[in-house]
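Student: The structure is given below, and queries will be raised subsequently.
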Amino acid sequence: MPKNLKTIESAAFDKLKMEKLIFPDGLETIEGFAFSVCNMKTVVIPDSVTSIGEQAFESCKNLIELKLPNNIKTLETRVFSSCYALKSITIPASVIEIKEFAFYYSTGLESIIFLSTTPPTIGQSDFSGTVLKTIYVPKGSKEQYEKLKSQAGIPDSIEIIEQQQN
């Protein structure tokens, strides 16, 4: 990808067969459906990205490793739904909203690491169809995250573990 690329347009790489994707620094926007139904295993999104559109990575069934940018504020509708191989995700402290169905039916998703002391607003069925077992949260914020139980597919039985931030 060109180093001066600012926007990846809607459906630009739909059904791409590449396995690893590292975006150039300076990229700002990934529009909806840009990489849906791709074969990627690894996606590293630079901190310069501030917007990822709806369903941008939906049905990337082989996606194992995903690094989200530290400046993203919203995870859009179905942005990572049906990413079956994804086992863990780190949600940056900048995220204030996770829209409906963001990780819906990502059947391998077992754990989430939240970096913010304040839970983001969670959308309908965000984590339905996952096998969530553990949520890791910053020290001192467990009580706030307990309120997420029974919402958006987060089971009552989930274990919430506080961890020291680096």
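Starting from 1 in every chain, residues are counted up; chains themselves are A, B, ... following the order of the structure tokens, and ligands are numbered from 1 as listed.
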In chain A, what's helix (DSSP H, G or I) per DSSP? Answer as a ChimeraX atom specification?
Tutor: /A:142-146
Student: Write down as a ChimeraX atom specification the residues belonging to segment 10-146 of chain A that are assigned strand (DSSP E or B) by DSSP computed on the backbone.
Tutor: /A:20-22,29-30,42-44,51-52,65-67,74-75,88-91,97-98,111-114,121-122,134-138
Student: Using only C-alpha atoms, which residues sit within 12 Å of segment 61-65 of chain A once same-chain residues fewer than 2 positions away are excluded, as a ChimeraX atom specification?
Tutor: /A:15,17-22,35-45,57-59,67-68,80-90,105-109
Student: What lies within 7 Å of Ile161 of chain A using only C-alpha atoms, ignoring chain neighbours under 3 positions off, as a ChimeraX atom specification?
Tutor: /A:135-137
Student: Which residues come within 8 Å of Ile96 of chain A, counting only C-alpha atoms, excluding same-chain residues fewer than 6 positions away, as a list in words?
Tutor: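 These residues fall inside the cut-off: Lys73, Thr74, Pro119, Pro120 and Thr121 of chain A.
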Student: Set the distance at 10 Å and use only C-alpha atoms: which residues neighbour segment 147-151 of chain A once local chain neighbours fewer than 2 positions away are removed? I'd like the list as a PyMOL selection string.
Tutor: chain A and resi 119-128+142-145+153-160
